[in-house]
Amino acid sequence: MNEQLEQLIAATDEQIRPIHAQIERTALLNQKKVLDAFREQRISESDLVGTFGYGYDDTGRDQLEALYAKVFKAEDAIVRPQVISGTHAITLALSSHLKHGDELLYITGEPYDTLLEVIGVNGNGVGSLMDNGVSYRNVPLVDGAIDIQTVLSSIKQETKVIAIQRSKGYASRPSLMIAEIEEVCRVIKKQFPDKIIFVDNCYGEFVETREPIEAGADLIAGSLIKNPGGGICKIGGYIAGRRELIERIGYRLTAPGIGKEAGASLYSLHEMYQGFFLSPHVVSQSLKGAVFTAGLLERIGMQTTPAFDAERTDLIQAVTFNDAEAMITFCQAIQAASPINSQFAPMPAYMPGYEDDVIMAAGTFIQGASIELTADGPLRAPYEAYVQGGLTYEHVKLAIIQAVETMIAKDVVQLSKSM
């Protein structure tokens, strides 16, 4: 290894040590919260066994949903392998409560690309919210913060759901801390207590010590191949919130009159329970990796968001490049340091739900699992790769070091100019 790079790594390690210690303290608090919930809910070995067919009297499924509700401080929850992604979970949450004539108001600007097709802004619109008579508006962020006064003046009688995207997704803006969400919920509920506040919680679970329901949100949703699956769930999504809202979502998930009572868990319960238990630790590993990524890349003169010492509320670490080729080089280096498919080089290509070609380095054990180390993004200016996940800190560190070595070899960065 280049001696200069070794010195930069050592300096980064020393600089981020106190930040890693804080991440470990947060993980300990979250692990206690999850462990206490397992014990209070009296989870038994028999709960790990699934059902088939209609799935009536699936005690393990019901216990798992009660566990999620307890940890996230919600009245009820849906946690199912039939929910195939975070986008699917969000779609269920929104479409269950928005009907013809209602309005969806996003107050964190436009949501990420796949949600724009769900809403009907992009794509062919078939089956979208707008296709079913739901109107949509968004309130842009101002200097990275929710413009609460504009939000209040934008809420109309037909506004049914007010949506907040906690994580930046594929956007050049900060992710929202729980304290910010709490203040927004407080102000909105004071003036409009009947409006449903929904938070897209993807990438955010267990990063802080509180979740959006505790901050005043009515509904949250996320994916089990992100944070709460702990890196071992092969599929699944969750929605948690007020009981009457979850009941309605259950009817959309299955059928009116059936709701949450049916839906076989098949072979998924064991990994869903174990993944949820592991999640606080795995999330901490991802966060420690993100801090190292930002710290080292900043030392070689690259722009990263958030900065290595910034407060974090999600897993995403954005890295900005001067051009598309530099971004492609970085993502290919991350793929080359992956445990799966390291021999392949990702190239930009069309992906369903996205307007621009996307490059995706994802040498993961589970396809699309962004709790595992990935680096991806649409090929559009500003050229940002979104680095997220990592089952172990050691893997993230090794992969980022290898990516830096590759960028040095290809003259994407020059160490002599950055020290």
# chains A, B, ... in the order shown; residues from 1 in each chain; ligands from 1

$ closest_atom_pairs --of "stretch 301-328 of chain A" --to "stretch 205-216 of chain A" --cutoff "9 Å" --atoms "only C-alpha atoms" --output "CSV"
residue,atom,partner,partner_atom,distance
A:Arg312,CA,A:Val207,CA,7.2
A:Thr313,CA,A:Val207,CA,5.5
A:Asp314,CA,A:Val207,CA,5.9
A:Leu315,CA,A:Val207,CA,7.6

$ select_by_dssp --residues "stretch 120-198 of chain A" --states "strand (DSSP E)" --output "MDAnalysis selection string"
chainID A and resid 135:138 159:165 196:198

$ write_last_selection --atoms "C-alpha atoms" --output "PDB file, in the first residue's frame"
ATOM      1  CA  SER A 135     -53.839  14.806  -6.428  1.00  0.00           C
ATOM      2  CA  TYR A 136     -50.251  15.495  -5.454  1.00  0.00           C
ATOM      3  CA  ARG A 137     -48.131  18.486  -4.512  1.00  0.00           C
ATOM      4  CA  ASN A 138     -44.809  18.928  -2.789  1.00  0.00           C
ATOM      5  CA  THR A 159     -55.086  17.193   1.943  1.00  0.00           C
ATOM      6  CA  LYS A 160     -55.380  13.748   3.500  1.00  0.00           C
ATOM      7  CA  VAL A 161     -51.803  12.526   3.930  1.00  0.00           C
ATOM      8  CA  ILE A 162     -48.755  14.652   4.689  1.00  0.00           C
ATOM      9  CA  ALA A 163     -45.624  12.688   3.797  1.00  0.00           C
ATOM     10  CA  ILE A 164     -42.061  13.082   5.033  1.00  0.00           C
ATOM     11  CA  GLN A 165     -39.063  11.305   3.524  1.00  0.00           C
ATOM     12  CA  ILE A 196     -52.298  11.709   8.614  1.00  0.00           C
ATOM     13  CA  ILE A 197     -48.543  12.269   8.909  1.00  0.00           C
ATOM     14  CA  PHE A 198     -46.629   9.502   7.185  1.00  0.00           C
TER      15      PHE A 198
END

$ residues_around --residues "stretch 396-406 of chain A" --least-positions-apart "4" --cutoff "10 Å" --atoms "only C-alpha atoms" --output "PyMOL selection string"
chain A and resi 1-2+5-6+9+285-294+296-297+300+329-338+372-374+387-392+410-413+415

$ closest_residue --among "A:Leu48, A:Ile371, A:Leu92, A:Val71" --to "A:Leu35" --atoms "only C-alpha atoms"
A:Val71

$ closest_residue --among "A:Leu94, A:Ile235, A:Val118, A:Ile249" --to "A:Ser265" --atoms "only C-alpha atoms"
A:Ile235

$ residues_around --residues "A:Glu117" --least-positions-apart "5" --cutoff "8 Å" --atoms "only C-alpha atoms" --output "ChimeraX atom specification"
/A:122-125,128,353

$ closest_residue --among "A:Arg173, A:His97, A:His88, A:Lys33" --to "A:Pro382" --atoms "only C-alpha atoms"
A:Arg173

$ residues_around --residues "A:Thr114" --least-positions-apart "2" --cutoff "12 Å" --atoms "only C-alpha atoms" --output "list in words"
Ser85, Gly86, Thr87, His88, Ile90, Thr91, Glu110, Pro111, Tyr112, Leu116, Glu117, Val118, Ile119, Gly120, Val121, Asn122, Gly123, Ser128, Gly169, Tyr170, Met351, Pro352, Gly353, Tyr354, Glu355 and Asp356 of chain A

$ write_last_selection --atoms "N, CA and C atoms" --output "CSV table (one decimal), in the first residue's frame"
chain,number,residue,atom,x,y,z
A,85,SER,N,-40.8,-4.8,-0.8
A,85,SER,CA,-39.8,-3.8,-0.8
A,85,SER,C,-40.3,-2.6,0.0
A,86,GLY,N,-39.4,-1.7,0.2
A,86,GLY,CA,-39.8,-0.4,0.9
A,86,GLY,C,-40.8,0.4,0.1
A,87,THR,N,-40.6,0.4,-1.3
A,87,THR,CA,-41.6,1.1,-2.1
A,87,THR,C,-42.9,0.4,-2.0
A,88,HIS,N,-43.0,-0.9,-1.9
A,88,HIS,CA,-44.3,-1.6,-1.8
A,88,HIS,C,-44.9,-1.2,-0.5
A,90,ILE,N,-44.5,1.5,1.3
A,90,ILE,CA,-45.0,2.9,1.2
A,90,ILE,C,-46.2,3.0,0.4
A,91,THR,N,-46.3,2.2,-0.7
A,91,THR,CA,-47.4,2.2,-1.6
A,91,THR,C,-48.7,1.8,-0.9
A,110,GLU,N,-39.6,16.6,-3.7
A,110,GLU,CA,-40.0,15.4,-4.4
A,110,GLU,C,-39.4,14.1,-3.7
A,111,PRO,N,-40.2,13.1,-3.6
A,111,PRO,CA,-39.6,11.8,-3.1
A,111,PRO,C,-38.7,11.2,-4.1
A,112,TYR,N,-38.0,10.1,-3.7
A,112,TYR,CA,-37.1,9.5,-4.7
A,112,TYR,C,-37.8,8.8,-5.9
A,116,LEU,N,-42.1,8.5,-7.4
A,116,LEU,CA,-42.7,9.3,-8.4
A,116,LEU,C,-43.5,8.5,-9.3
A,117,GLU,N,-43.1,7.3,-9.6
A,117,GLU,CA,-44.0,6.4,-10.4
A,117,GLU,C,-45.2,5.9,-9.7
A,118,VAL,N,-45.1,5.7,-8.4
A,118,VAL,CA,-46.2,5.3,-7.6
A,118,VAL,C,-47.2,6.4,-7.5
A,119,ILE,N,-46.7,7.6,-7.4
A,119,ILE,CA,-47.6,8.8,-7.4
A,119,ILE,C,-48.3,9.0,-8.8
A,120,GLY,N,-47.4,8.8,-9.8
A,120,GLY,CA,-47.9,9.1,-11.2
A,120,GLY,C,-47.3,10.2,-11.9
A,121,VAL,N,-46.3,10.8,-11.2
A,121,VAL,CA,-45.5,11.9,-11.9
A,121,VAL,C,-44.7,11.4,-13.0
A,122,ASN,N,-44.0,10.3,-12.8
A,122,ASN,CA,-43.2,9.6,-13.8
A,122,ASN,C,-43.9,8.3,-14.3
A,123,GLY,N,-43.3,7.8,-15.3
A,123,GLY,CA,-43.8,6.5,-15.8
A,123,GLY,C,-45.1,6.6,-16.6
A,128,SER,N,-51.3,4.2,-10.7
A,128,SER,CA,-50.7,5.1,-9.8
A,128,SER,C,-51.8,5.8,-8.9
A,169,GLY,N,-32.3,9.8,0.2
A,169,GLY,CA,-32.5,9.1,-1.0
A,169,GLY,C,-31.4,9.5,-2.0
A,170,TYR,N,-31.9,9.7,-3.3
A,170,TYR,CA,-31.0,10.1,-4.4
A,170,TYR,C,-31.2,11.6,-4.5
A,351,MET,N,-33.0,1.1,-15.0
A,351,MET,CA,-33.7,0.3,-14.0
A,351,MET,C,-35.1,0.8,-13.8
A,352,PRO,N,-36.0,-0.1,-13.7
A,352,PRO,CA,-37.4,0.2,-13.5
A,352,PRO,C,-37.6,1.2,-12.3
A,353,GLY,N,-38.4,2.3,-12.6
A,353,GLY,CA,-38.7,3.3,-11.6
A,353,GLY,C,-37.7,4.5,-11.6
A,354,TYR,N,-36.7,4.4,-12.4
A,354,TYR,CA,-35.8,5.6,-12.5
A,354,TYR,C,-35.8,6.2,-13.8
A,355,GLU,N,-35.6,7.5,-13.9
A,355,GLU,CA,-35.7,8.3,-15.1
A,355,GLU,C,-34.3,8.3,-15.8
A,356,ASP,N,-33.2,8.2,-15.1
A,356,ASP,CA,-31.9,8.1,-15.6
A,356,ASP,C,-31.3,6.8,-15.5

$ atom_distance --atom1 "atom CA of A:Asp376" --atom2 "atom CA of A:Gly363"
11.5 Å

$ closest_residue --among "A:Gly377, A:Gly301, A:Gly229, A:Gly109" --to "A:Phe277" --atoms "only C-alpha atoms"
A:Gly229

$ select_by_dssp --residues "stretch 205-273 of chain A" --states "alpha helix (DSSP H)" --output "PyMOL selection string"
chain A and resi 243-253+269-273

$ residues_around --residues "A:Ala385" --least-positions-apart "3" --cutoff "7 Å" --atoms "only C-alpha atoms" --output "ChimeraX atom specification"
/A:318-320,327,375-377

$ atom_distance --atom1 "atom CA of A:Tyr68" --atom2 "atom CA of A:Leu266"
18.7 Å

$ residues_around --residues "A:Tyr251" --least-positions-apart "6" --cutoff "12 Å" --atoms "only C-alpha atoms" --output "list in words"
Ile78, Leu92, Ala93, Ser95, Ser96, His97, Glu244, Leu245, Gly257, Ile258, Gly259, Lys260, Glu261, Ala262 and Gly263 of chain A

$ decode --residues "stretch 351-419 of chain A" --atoms "C-alpha atoms" --output "JSON list (two decimals), in the first residue's frame"
[["chain", "number", "residue", "atom", "x", "y", "z"],
["A", 351, "MET", "CA", -33.66, 0.35, -13.98],
["A", 352, "PRO", "CA", -37.44, 0.23, -13.50],
["A", 353, "GLY", "CA", -38.66, 3.25, -11.56],
["A", 354, "TYR", "CA", -35.76, 5.56, -12.47],
["A", 355, "GLU", "CA", -35.66, 8.29, -15.13],
["A", 356, "ASP", "CA", -31.87, 8.14, -15.63],
["A", 357, "ASP", "CA", -29.50, 5.23, -16.12],
["A", 358, "VAL", "CA", -28.31, 3.91, -12.76],
["A", 359, "ILE", "CA", -25.00, 2.31, -11.82],
["A", 360, "MET", "CA", -25.28, -0.10, -8.93],
["A", 361, "ALA", "CA", -22.40, -1.81, -7.18],
["A", 362, "ALA", "CA", -24.17, -4.43, -5.13],
["A", 363, "GLY", "CA", -22.16, -7.57, -4.55],
["A", 364, "THR", "CA", -24.61, -8.63, -1.87],
["A", 365, "PHE", "CA", -25.83, -11.94, -0.51],
["A", 366, "ILE", "CA", -29.42, -10.71, -0.93],
["A", 367, "GLN", "CA", -30.33, -8.92, -4.15],
["A", 368, "GLY", "CA", -31.01, -5.24, -3.52],
["A", 369, "ALA", "CA", -30.16, -5.45, 0.19],
["A", 370, "SER", "CA", -28.91, -1.97, 1.02],
["A", 371, "ILE", "CA", -28.08, -2.93, 4.60],
["A", 372, "GLU", "CA", -25.19, -4.71, 2.87],
["A", 373, "LEU", "CA", -22.45, -2.56, 1.37],
["A", 374, "THR", "CA", -23.58, -0.97, -1.88],
["A", 375, "ALA", "CA", -22.68, 2.08, -3.93],
["A", 376, "ASP", "CA", -25.11, 3.33, -6.51],
["A", 377, "GLY", "CA", -26.76, 6.33, -8.06],
["A", 378, "PRO", "CA", -28.26, 7.76, -11.23],
["A", 379, "LEU", "CA", -25.83, 9.02, -13.86],
["A", 380, "ARG", "CA", -26.81, 12.68, -13.74],
["A", 381, "ALA", "CA", -25.20, 15.87, -12.49],
["A", 382, "PRO", "CA", -24.21, 16.34, -9.76],
["A", 383, "TYR", "CA", -22.52, 12.95, -10.04],
["A", 384, "GLU", "CA", -23.16, 11.43, -6.63],
["A", 385, "ALA", "CA", -22.69, 7.83, -5.59],
["A", 386, "TYR", "CA", -24.70, 6.83, -2.54],
["A", 387, "VAL", "CA", -22.67, 4.49, -0.36],
["A", 388, "GLN", "CA", -24.76, 2.64, 2.19],
["A", 389, "GLY", "CA", -24.76, -0.39, 4.39],
["A", 390, "GLY", "CA", -22.13, -2.85, 5.42],
["A", 391, "LEU", "CA", -22.68, -5.95, 7.55],
["A", 392, "THR", "CA", -19.30, -5.46, 9.21],
["A", 393, "TYR", "CA", -17.23, -2.33, 9.68],
["A", 394, "GLU", "CA", -14.14, -4.25, 8.60],
["A", 395, "HIS", "CA", -15.65, -4.98, 5.18],
["A", 396, "VAL", "CA", -16.59, -1.35, 4.58],
["A", 397, "LYS", "CA", -13.11, -0.20, 5.56],
["A", 398, "LEU", "CA", -11.39, -2.69, 3.27],
["A", 399, "ALA", "CA", -13.69, -1.81, 0.36],
["A", 400, "ILE", "CA", -13.20, 1.94, 0.70],
["A", 401, "ILE", "CA", -9.43, 1.55, 0.93],
["A", 402, "GLN", "CA", -9.47, -0.58, -2.22],
["A", 403, "ALA", "CA", -11.64, 2.03, -3.98],
["A", 404, "VAL", "CA", -9.18, 4.77, -3.05],
["A", 405, "GLU", "CA", -6.26, 2.70, -4.33],
["A", 406, "THR", "CA", -8.13, 2.15, -7.61],
["A", 407, "MET", "CA", -8.89, 5.87, -7.97],
["A", 408, "ILE", "CA", -5.23, 6.69, -7.33],
["A", 409, "ALA", "CA", -4.11, 4.15, -9.94],
["A", 410, "LYS", "CA", -6.54, 5.61, -12.49],
["A", 411, "ASP", "CA", -5.58, 9.20, -11.64],
["A", 412, "VAL", "CA", -9.07, 10.09, -10.40],
["A", 413, "VAL", "CA", -7.42, 11.48, -7.24],
["A", 414, "GLN", "CA", -3.85, 12.54, -6.50],
["A", 415, "LEU", "CA", -2.63, 12.25, -2.94],
["A", 416, "SER", "CA", 0.10, 14.86, -3.33],
["A", 417, "LYS", "CA", -2.52, 17.54, -3.94],
["A", 418, "SER", "CA", -4.62, 16.64, -0.94],
["A", 419, "MET", "CA", -2.13, 16.64, 1.94]]
